[in-house]
Amino acid sequence: MAKVTRDDVARVAGTSTAVVSYVINNGPRPVAPATRERVLAAIKELGYRPDRVAQAMASRRTDLIGLIVPDARQPFFAEMSHAVERAAAERGKMVLVGNSDYLDEREVHYLRAFLGMRVSGLILISSGPSEHAAAEIDAWDSRVVLMHRRPEAIDDVAVVLDDVGGAQLAVRHLLEHGHDAVACLGGVEETPVLGDPVTDHVVGWERAMREAGRSTEGRLFQSPYNRYDTYQRCLELLRRPDRPTALFCATDDQAIGVLRAARELGIDVPGELAVAGFDDVKEAALTDPPLTTVGSDREAMAKAAVDLVLDDSLRIPGTRNGGVPGSKGRVRQFPSGLVIRRSCGCDPA
């Protein structure tokens, strides 16, 4: 059986091959609804399948978007990856995911691999400032959008959250429950990392405490980001005679580890220990007690990142990868919101 071609589809639909291409690729020119229906009917009747490899070779671009995350096993990154995949599918694109494991060399490995595959664009949730990553991005002409975290070493368009403001909301709320002070469970870095959300969460905690006239001295504790190591860390912390009565965690995964440690030690949450997290992962609503946390519109952030990767109209001429209209500089920042559940001491209806 002879292979069905785009010319065959155009002949059956009574259109030009260019119109068939516009329908298949959702652009670049609009097609009248009635004409689109004729083309789609002809495609179905003939069983036409576009040759994606040939299309990619002709355009020097694939229907792929690269996404690099630190660790897709962590709930926040898993949910963000899923949101990006859904947003990309709505634009007719597929997503390739690579895990950097918080290692610069793995991040650079995936940058080279994805950009070398001529992806339509790349969304990078970076594991940290990397001069090697910046150099790799500069070597290619594919669009790169930073998400969640904006390393200072990489000057590019970013979609981020108001991490400082969100942390302030959570800490103020804990203080309003009458606690003398709120301790903070930060990350593992000895030195703050600019552009890192966890660093910004600690900054937000410090600002809220300072606004309330409370000291932060001796109340910042380091912990890995995952629940398992945090659980081990907090078995020690919560055994201390001067343990905190309120604890703000830089991530929900850390907060889940805190809840597990408190339960094992017989510490009542929120009666003896109020807890709040950050990220509003789906599991936060199912913990015991349900976790008060800081949330964001991840779907909107994912859509913004995909749109910025794909749409010329959203980018400002005159910069290497384009700026973002209506944003502060080259960063599009989304608001944070407090999600109140029971771990803080509230009893939501």
# chains A, B, ... in the order shown; residues from 1 in each chain; ligands from 1
call {"tool": "select_by_dssp", "arguments": {"residues": "range 143-234 of chain A", "states": "helix (DSSP H, G or I)", "output": "PDB file with C-alpha atoms, in the first residue's frame"}}
result
ATOM      1  CA  ASP A 163       8.779  32.747  48.133  1.00  0.00           C
ATOM      2  CA  VAL A 164       9.673  35.468  50.625  1.00  0.00           C
ATOM      3  CA  GLY A 165       6.111  36.762  50.858  1.00  0.00           C
ATOM      4  CA  GLY A 166       4.673  33.266  51.188  1.00  0.00           C
ATOM      5  CA  ALA A 167       6.995  32.401  54.071  1.00  0.00           C
ATOM      6  CA  GLN A 168       6.046  35.627  55.824  1.00  0.00           C
ATOM      7  CA  LEU A 169       2.363  34.676  55.595  1.00  0.00           C
ATOM      8  CA  ALA A 170       2.992  31.309  57.248  1.00  0.00           C
ATOM      9  CA  VAL A 171       5.187  32.635  60.041  1.00  0.00           C
ATOM     10  CA  ARG A 172       2.851  35.525  60.840  1.00  0.00           C
ATOM     11  CA  HIS A 173      -0.004  33.049  61.069  1.00  0.00           C
ATOM     12  CA  LEU A 174       1.893  30.848  63.529  1.00  0.00           C
ATOM     13  CA  LEU A 175       2.754  33.882  65.646  1.00  0.00           C
ATOM     14  CA  GLU A 176      -0.912  34.897  65.678  1.00  0.00           C
ATOM     15  CA  PRO A 197      13.525  29.277  47.065  1.00  0.00           C
ATOM     16  CA  VAL A 198      14.571  27.705  50.381  1.00  0.00           C
ATOM     17  CA  THR A 199      16.899  30.638  51.020  1.00  0.00           C
ATOM     18  CA  ASP A 200      13.973  32.965  50.296  1.00  0.00           C
ATOM     19  CA  HIS A 201      11.762  30.989  52.692  1.00  0.00           C
ATOM     20  CA  VAL A 202      14.336  31.559  55.427  1.00  0.00           C
ATOM     21  CA  VAL A 203      14.479  35.263  54.524  1.00  0.00           C
ATOM     22  CA  GLY A 204      10.677  35.449  54.787  1.00  0.00           C
ATOM     23  CA  TRP A 205      10.816  33.772  58.207  1.00  0.00           C
ATOM     24  CA  GLU A 206      13.460  36.239  59.386  1.00  0.00           C
ATOM     25  CA  ARG A 207      11.434  39.233  58.175  1.00  0.00           C
ATOM     26  CA  ALA A 208       8.234  38.057  59.838  1.00  0.00           C
ATOM     27  CA  MET A 209      10.054  37.436  63.110  1.00  0.00           C
ATOM     28  CA  ARG A 210      11.761  40.818  62.941  1.00  0.00           C
ATOM     29  CA  GLU A 211       8.457  42.570  62.212  1.00  0.00           C
ATOM     30  CA  ARG A 227      11.045  13.731  54.668  1.00  0.00           C
ATOM     31  CA  TYR A 228      13.180  10.699  55.500  1.00  0.00           C
ATOM     32  CA  ASP A 229      16.321  12.559  56.561  1.00  0.00           C
ATOM     33  CA  THR A 230      14.224  15.299  58.169  1.00  0.00           C
ATOM     34  CA  TYR A 231      12.468  12.680  60.275  1.00  0.00           C
ATOM     35  CA  GLN A 232      15.840  11.488  61.594  1.00  0.00           C
ATOM     36  CA  ARG A 233      17.009  15.066  62.158  1.00  0.00           C
ATOM     37  CA  CYS A 234      13.866  15.982  64.076  1.00  0.00           C
TER      38      CYS A 234
END
call {"tool": "residues_around", "arguments": {"residues": "range 288-293 of chain A", "least_positions_apart": "3", "cutoff": "9 Å", "atoms": "only C-alpha atoms", "output": "number ranges by chain"}}
result
A: 170, 249, 251-252, 255-256, 259-260, 269-270, 275-281, 283-285, 337-344, 346
call {"tool": "closest_atom_pairs", "arguments": {"of": "range 93-168 of chain A", "to": "range 301-310 of chain A", "cutoff": "12 Å", "atoms": "only C-alpha atoms", "output": "JSON lines"}}
result
{"residue": "A:Lys93", "atom": "CA", "partner": "A:Val306", "partner_atom": "CA", "distance": 9.5}
{"residue": "A:Met94", "atom": "CA", "partner": "A:Val306", "partner_atom": "CA", "distance": 11.0}
{"residue": "A:Val95", "atom": "CA", "partner": "A:Val306", "partner_atom": "CA", "distance": 10.3}
{"residue": "A:Val119", "atom": "CA", "partner": "A:Val309", "partner_atom": "CA", "distance": 10.3}
{"residue": "A:Ser120", "atom": "CA", "partner": "A:Leu310", "partner_atom": "CA", "distance": 7.0}
{"residue": "A:Gly121", "atom": "CA", "partner": "A:Val309", "partner_atom": "CA", "distance": 5.4}
{"residue": "A:Leu122", "atom": "CA", "partner": "A:Val309", "partner_atom": "CA", "distance": 6.9}
{"residue": "A:Ile123", "atom": "CA", "partner": "A:Ala305", "partner_atom": "CA", "distance": 7.1}
{"residue": "A:Leu124", "atom": "CA", "partner": "A:Ala305", "partner_atom": "CA", "distance": 9.8}
{"residue": "A:Ile125", "atom": "CA", "partner": "A:Ala305", "partner_atom": "CA", "distance": 11.0}
{"residue": "A:Asp141", "atom": "CA", "partner": "A:Val309", "partner_atom": "CA", "distance": 12.0}
{"residue": "A:Ser142", "atom": "CA", "partner": "A:Val309", "partner_atom": "CA", "distance": 8.8}
{"residue": "A:Arg143", "atom": "CA", "partner": "A:Val309", "partner_atom": "CA", "distance": 5.8}
{"residue": "A:Val144", "atom": "CA", "partner": "A:Val309", "partner_atom": "CA", "distance": 6.6}
{"residue": "A:Val145", "atom": "CA", "partner": "A:Val309", "partner_atom": "CA", "distance": 6.4}
{"residue": "A:Leu146", "atom": "CA", "partner": "A:Ala305", "partner_atom": "CA", "distance": 8.0}
{"residue": "A:Met147", "atom": "CA", "partner": "A:Ala305", "partner_atom": "CA", "distance": 7.2}
{"residue": "A:His148", "atom": "CA", "partner": "A:Met301", "partner_atom": "CA", "distance": 8.9}
{"residue": "A:Asp156", "atom": "CA", "partner": "A:Leu308", "partner_atom": "CA", "distance": 11.3}
{"residue": "A:Val157", "atom": "CA", "partner": "A:Leu308", "partner_atom": "CA", "distance": 8.3}
{"residue": "A:Ala158", "atom": "CA", "partner": "A:Ala305", "partner_atom": "CA", "distance": 7.9}
{"residue": "A:Val159", "atom": "CA", "partner": "A:Ala305", "partner_atom": "CA", "distance": 6.3}
{"residue": "A:Val160", "atom": "CA", "partner": "A:Met301", "partner_atom": "CA", "distance": 7.7}
{"residue": "A:Leu161", "atom": "CA", "partner": "A:Met301", "partner_atom": "CA", "distance": 8.5}
{"residue": "A:Asp162", "atom": "CA", "partner": "A:Met301", "partner_atom": "CA", "distance": 11.8}
call {"tool": "write_last_selection", "arguments": {"atoms": "C-alpha atoms", "output": "PDB file, in the first residue's frame"}}
result
ATOM      1  CA  LYS A  93       4.300  19.129  22.494  1.00  0.00           C
ATOM      2  CA  MET A  94       5.828  16.286  24.479  1.00  0.00           C
ATOM      3  CA  VAL A  95       8.155  16.634  27.450  1.00  0.00           C
ATOM      4  CA  VAL A 119      14.052  20.643  21.455  1.00  0.00           C
ATOM      5  CA  SER A 120      11.567  23.449  20.852  1.00  0.00           C
ATOM      6  CA  GLY A 121      12.697  24.884  24.153  1.00  0.00           C
ATOM      7  CA  LEU A 122      13.916  23.947  27.589  1.00  0.00           C
ATOM      8  CA  ILE A 123      12.543  24.554  31.083  1.00  0.00           C
ATOM      9  CA  LEU A 124      15.237  24.424  33.736  1.00  0.00           C
ATOM     10  CA  ILE A 125      14.646  23.986  37.457  1.00  0.00           C
ATOM     11  CA  ASP A 141      19.944  29.055  20.196  1.00  0.00           C
ATOM     12  CA  SER A 142      17.072  27.141  21.832  1.00  0.00           C
ATOM     13  CA  ARG A 143      14.943  29.064  24.273  1.00  0.00           C
ATOM     14  CA  VAL A 144      15.480  28.409  27.945  1.00  0.00           C
ATOM     15  CA  VAL A 145      13.058  29.400  30.705  1.00  0.00           C
ATOM     16  CA  LEU A 146      14.098  29.068  34.331  1.00  0.00           C
ATOM     17  CA  MET A 147      11.411  27.901  36.722  1.00  0.00           C
ATOM     18  CA  HIS A 148      11.002  27.875  40.506  1.00  0.00           C
ATOM     19  CA  ASP A 156      17.495  34.277  31.398  1.00  0.00           C
ATOM     20  CA  VAL A 157      13.730  34.505  31.603  1.00  0.00           C
ATOM     21  CA  ALA A 158      12.307  33.001  34.798  1.00  0.00           C
ATOM     22  CA  VAL A 159       8.920  31.944  36.173  1.00  0.00           C
ATOM     23  CA  VAL A 160       9.080  32.037  39.959  1.00  0.00           C
ATOM     24  CA  LEU A 161       6.943  32.263  43.079  1.00  0.00           C
ATOM     25  CA  ASP A 162       6.854  34.962  45.741  1.00  0.00           C
TER      26      ASP A 162
END
call {"tool": "select_by_dssp", "arguments": {"residues": "range 147-304 of chain A", "states": "strand (DSSP E or B)", "output": "PyMOL selection string"}}
result
chain A and resi 147+157-161+183-185+220-221+246-249+274-276+292-295
call {"tool": "residues_around", "arguments": {"residues": "range 2-12 of chain A", "least_positions_apart": "2", "cutoff": "8 Å", "atoms": "only C-alpha atoms", "output": "MDAnalysis selection string"}}
result
chainID A and resid 14:17 19:21 39 42:43 46:50
call {"tool": "write_last_selection", "arguments": {"atoms": "all heavy atoms", "output": "compact mmCIF listing (two decimals), in the first residue's frame"}}
result
# COMPACT_ATOMS: atom_id res chain seq x y z
N GLY A 14 -9.71 19.23 -0.41
CA GLY A 14 -9.94 20.36 -1.30
C GLY A 14 -9.23 21.61 -0.85
O GLY A 14 -9.74 22.72 -1.00
N THR A 15 -8.02 21.45 -0.32
CA THR A 15 -7.24 22.59 0.16
C THR A 15 -5.82 22.49 -0.36
O THR A 15 -5.47 21.53 -1.07
CB THR A 15 -7.18 22.61 1.71
OG1 THR A 15 -6.46 21.45 2.15
CG2 THR A 15 -8.57 22.60 2.32
N SER A 16 -5.01 23.44 0.01
CA SER A 16 -3.58 23.39 -0.34
C SER A 16 -2.83 22.59 0.71
O SER A 16 -3.31 22.39 1.83
CB SER A 16 -3.01 24.81 -0.41
OG SER A 16 -3.01 25.40 0.88
N THR A 17 -1.63 22.15 0.36
CA THR A 17 -0.81 21.43 1.33
C THR A 17 -0.39 22.36 2.47
O THR A 17 -0.18 21.90 3.60
CB THR A 17 0.45 20.85 0.66
OG1 THR A 17 1.15 21.90 -0.01
CG2 THR A 17 0.08 19.76 -0.33
N VAL A 19 -2.28 24.60 3.90
CA VAL A 19 -3.38 24.61 4.87
C VAL A 19 -3.35 23.33 5.71
O VAL A 19 -3.58 23.35 6.92
CB VAL A 19 -4.74 24.77 4.16
CG1 VAL A 19 -5.89 24.51 5.14
CG2 VAL A 19 -4.86 26.15 3.57
N VAL A 20 -3.07 22.20 5.06
CA VAL A 20 -2.94 20.94 5.81
C VAL A 20 -1.85 21.07 6.86
O VAL A 20 -2.01 20.63 8.00
CB VAL A 20 -2.64 19.77 4.85
CG1 VAL A 20 -2.36 18.50 5.64
CG2 VAL A 20 -3.80 19.56 3.87
N SER A 21 -0.73 21.70 6.49
CA SER A 21 0.37 21.89 7.43
C SER A 21 -0.05 22.76 8.59
O SER A 21 0.30 22.49 9.76
CB SER A 21 1.56 22.53 6.70
OG SER A 21 2.61 22.78 7.59
N VAL A 39 -10.07 19.06 6.72
CA VAL A 39 -8.72 18.50 6.75
C VAL A 39 -8.64 17.35 7.76
O VAL A 39 -8.08 16.29 7.46
CB VAL A 39 -7.70 19.60 7.10
CG1 VAL A 39 -6.32 18.99 7.35
CG2 VAL A 39 -7.62 20.64 5.99
N ALA A 42 -10.28 14.30 6.35
CA ALA A 42 -9.46 13.66 5.32
C ALA A 42 -8.31 12.87 5.95
O ALA A 42 -7.97 11.77 5.51
CB ALA A 42 -8.91 14.71 4.36
N ILE A 43 -7.72 13.45 7.01
CA ILE A 43 -6.64 12.75 7.72
C ILE A 43 -7.15 11.43 8.29
O ILE A 43 -6.49 10.38 8.18
CB ILE A 43 -6.08 13.65 8.84
CG1 ILE A 43 -5.28 14.81 8.23
CG2 ILE A 43 -5.20 12.85 9.80
CD1 ILE A 43 -4.82 15.84 9.24
N LEU A 46 -8.00 8.86 5.37
CA LEU A 46 -6.84 8.30 4.69
C LEU A 46 -5.86 7.60 5.64
O LEU A 46 -4.95 6.90 5.19
CB LEU A 46 -6.10 9.41 3.93
CG LEU A 46 -6.90 10.09 2.80
CD1 LEU A 46 -6.13 11.29 2.26
CD2 LEU A 46 -7.19 9.09 1.68
N GLY A 47 -6.04 7.84 6.95
CA GLY A 47 -5.10 7.26 7.91
C GLY A 47 -3.74 7.89 7.83
O GLY A 47 -2.71 7.23 8.05
N TYR A 48 -3.72 9.19 7.56
CA TYR A 48 -2.44 9.90 7.41
C TYR A 48 -1.75 10.07 8.75
O TYR A 48 -2.36 10.41 9.75
CB TYR A 48 -2.69 11.28 6.78
CG TYR A 48 -1.45 12.15 6.72
CD1 TYR A 48 -0.38 11.82 5.88
CD2 TYR A 48 -1.36 13.30 7.50
CE1 TYR A 48 0.74 12.62 5.83
CE2 TYR A 48 -0.23 14.10 7.44
CZ TYR A 48 0.82 13.76 6.61
OH TYR A 48 1.94 14.55 6.55
N ARG A 49 -0.43 9.82 8.77
CA ARG A 49 0.39 10.02 9.94
C ARG A 49 1.56 10.92 9.56
O ARG A 49 2.38 10.55 8.71
CB ARG A 49 0.93 8.69 10.49
CG ARG A 49 -0.15 7.76 11.00
CD ARG A 49 -0.80 8.30 12.27
NE ARG A 49 -1.81 7.41 12.80
CZ ARG A 49 -3.10 7.44 12.46
NH1 ARG A 49 -3.52 8.34 11.56
NH2 ARG A 49 -3.95 6.60 12.97
N PRO A 50 1.66 12.12 10.17
CA PRO A 50 2.77 13.03 9.83
C PRO A 50 4.12 12.39 10.15
O PRO A 50 4.26 11.66 11.12
CB PRO A 50 2.52 14.25 10.73
CG PRO A 50 1.08 14.16 11.12
CD PRO A 50 0.76 12.69 11.18
call {"tool": "residues_around", "arguments": {"residues": "Gly98 in chain A", "least_positions_apart": "6", "cutoff": "8 Å", "atoms": "only C-alpha atoms", "output": "PyMOL selection string"}}
result
chain A and resi 66-69+110
call {"tool": "closest_residue", "arguments": {"among": "A:Phe334, A:Ile24, A:Glu107, A:Asp253", "to": "Glu299 in chain A", "atoms": "only C-alpha atoms"}}
result
A:Phe334
call {"tool": "atom_distance", "arguments": {"atom1": "CA of Ser126 in chain A", "atom2": "CA of Ala88 in chain A"}}
result
19.5 Å
call {"tool": "atom_distance", "arguments": {"atom1": "CA of Met117 in chain A", "atom2": "CA of Pro70 in chain A"}}
result
20.6 Å
call {"tool": "closest_residue", "arguments": {"among": "A:Met80, A:Asp63, A:Gly186, A:Asp104", "to": "Ser296 in chain A", "atoms": "only C-alpha atoms"}}
result
A:Met80
call {"tool": "atom_distance", "arguments": {"atom1": "CA of Thr245 in chain A", "atom2": "CA of Val182 in chain A"}}
result
7.3 Å
call {"tool": "decode", "arguments": {"residues": "range 190-220 of chain A", "atoms": "N, CA, C and O atoms", "output": "short mmCIF file (atom, residue, chain, number, x, y, z; two decimals), in the first residue's frame"}}
result
data_model
loop_
_atom_site.label_atom_id
_atom_site.label_comp_id
_atom_site.auth_asym_id
_atom_site.auth_seq_id
_atom_site.Cartn_x
_atom_site.Cartn_y
_atom_site.Cartn_z
N GLU A 190 25.28 26.08 54.25
CA GLU A 190 25.85 26.94 55.28
C GLU A 190 25.76 28.40 54.86
O GLU A 190 25.53 29.29 55.68
N THR A 191 25.94 28.65 53.55
CA THR A 191 25.89 30.00 53.00
C THR A 191 24.64 30.15 52.16
O THR A 191 24.35 29.29 51.31
N PRO A 192 23.84 31.20 52.36
CA PRO A 192 22.62 31.40 51.55
C PRO A 192 22.93 31.42 50.06
O PRO A 192 23.95 31.97 49.63
N VAL A 193 22.07 30.81 49.27
CA VAL A 193 22.24 30.74 47.82
C VAL A 193 21.25 31.69 47.17
O VAL A 193 20.04 31.52 47.31
N LEU A 194 21.75 32.71 46.47
CA LEU A 194 20.88 33.67 45.84
C LEU A 194 20.00 33.00 44.78
O LEU A 194 20.48 32.18 43.99
N GLY A 195 18.72 33.35 44.77
CA GLY A 195 17.81 32.78 43.79
C GLY A 195 17.23 31.44 44.20
O GLY A 195 16.41 30.88 43.49
N ASP A 196 17.64 30.92 45.38
CA ASP A 196 17.15 29.63 45.85
C ASP A 196 15.87 29.82 46.65
O ASP A 196 15.85 30.61 47.61
N PRO A 197 14.78 29.11 46.32
CA PRO A 197 13.53 29.28 47.07
C PRO A 197 13.66 29.02 48.56
O PRO A 197 13.07 29.74 49.37
N VAL A 198 14.43 28.00 48.95
CA VAL A 198 14.57 27.71 50.38
C VAL A 198 15.26 28.87 51.09
O VAL A 198 14.88 29.25 52.20
N THR A 199 16.26 29.45 50.45
CA THR A 199 16.90 30.64 51.02
C THR A 199 15.87 31.74 51.21
O THR A 199 15.84 32.42 52.24
N ASP A 200 15.01 31.93 50.20
CA ASP A 200 13.97 32.96 50.30
C ASP A 200 12.96 32.65 51.39
O ASP A 200 12.42 33.56 52.03
N HIS A 201 12.68 31.36 51.61
CA HIS A 201 11.76 30.99 52.69
C HIS A 201 12.36 31.37 54.04
O HIS A 201 11.66 31.85 54.94
N VAL A 202 13.66 31.17 54.19
CA VAL A 202 14.34 31.56 55.43
C VAL A 202 14.32 33.08 55.58
O VAL A 202 14.09 33.61 56.68
N VAL A 203 14.53 33.80 54.48
CA VAL A 203 14.48 35.26 54.52
C VAL A 203 13.09 35.73 54.95
O VAL A 203 12.95 36.64 55.78
N GLY A 204 12.04 35.09 54.40
CA GLY A 204 10.68 35.45 54.79
C GLY A 204 10.41 35.20 56.26
O GLY A 204 9.74 35.99 56.94
N TRP A 205 10.94 34.07 56.77
CA TRP A 205 10.82 33.77 58.21
C TRP A 205 11.50 34.84 59.04
O TRP A 205 10.93 35.34 60.02
N GLU A 206 12.72 35.22 58.65
CA GLU A 206 13.46 36.24 59.39
C GLU A 206 12.72 37.57 59.40
O GLU A 206 12.63 38.25 60.43
N ARG A 207 12.15 37.95 58.26
CA ARG A 207 11.43 39.23 58.17
C ARG A 207 10.19 39.23 59.06
O ARG A 207 9.92 40.22 59.75
N ALA A 208 9.44 38.13 59.02
CA ALA A 208 8.23 38.06 59.84
C ALA A 208 8.58 38.09 61.32
O ALA A 208 7.88 38.74 62.13
N MET A 209 9.63 37.42 61.71
CA MET A 209 10.05 37.44 63.11
C MET A 209 10.52 38.83 63.52
O MET A 209 10.19 39.33 64.61
N ARG A 210 11.27 39.48 62.64
CA ARG A 210 11.76 40.82 62.94
C ARG A 210 10.60 41.81 63.06
O ARG A 210 10.59 42.67 63.96
N GLU A 211 9.63 41.69 62.16
CA GLU A 211 8.46 42.57 62.21
C GLU A 211 7.71 42.42 63.53
O GLU A 211 7.14 43.38 64.05
N ALA A 212 7.71 41.19 64.06
CA ALA A 212 7.00 40.92 65.32
C ALA A 212 7.87 41.21 66.54
O ALA A 212 7.43 41.00 67.68
N GLY A 213 9.09 41.68 66.33
CA GLY A 213 9.98 41.98 67.43
C GLY A 213 10.54 40.75 68.12
O GLY A 213 10.88 40.79 69.30
N ARG A 214 10.65 39.63 67.37
CA ARG A 214 11.15 38.37 67.95
C ARG A 214 12.55 38.07 67.41
O ARG A 214 12.86 38.33 66.26
N SER A 215 13.36 37.51 68.25
CA SER A 215 14.72 37.15 67.87
C SER A 215 14.72 35.84 67.08
O SER A 215 13.94 34.93 67.35
N THR A 216 15.64 35.74 66.11
CA THR A 216 15.82 34.50 65.34
C THR A 216 17.04 33.72 65.81
O THR A 216 17.29 32.61 65.32
N GLU A 217 17.80 34.26 66.75
CA GLU A 217 19.04 33.63 67.18
C GLU A 217 18.78 32.25 67.78
O GLU A 217 17.94 32.08 68.67
N GLY A 218 19.49 31.26 67.25
CA GLY A 218 19.36 29.90 67.74
C GLY A 218 18.08 29.20 67.33
O GLY A 218 17.80 28.09 67.82
N ARG A 219 17.32 29.79 66.43
CA ARG A 219 16.03 29.21 66.05
C ARG A 219 15.99 28.73 64.59
O ARG A 219 14.95 28.33 64.11
N LEU A 220 17.12 28.81 63.90
CA LEU A 220 17.21 28.30 62.53
C LEU A 220 17.97 26.99 62.55
O LEU A 220 19.11 26.91 63.02
#
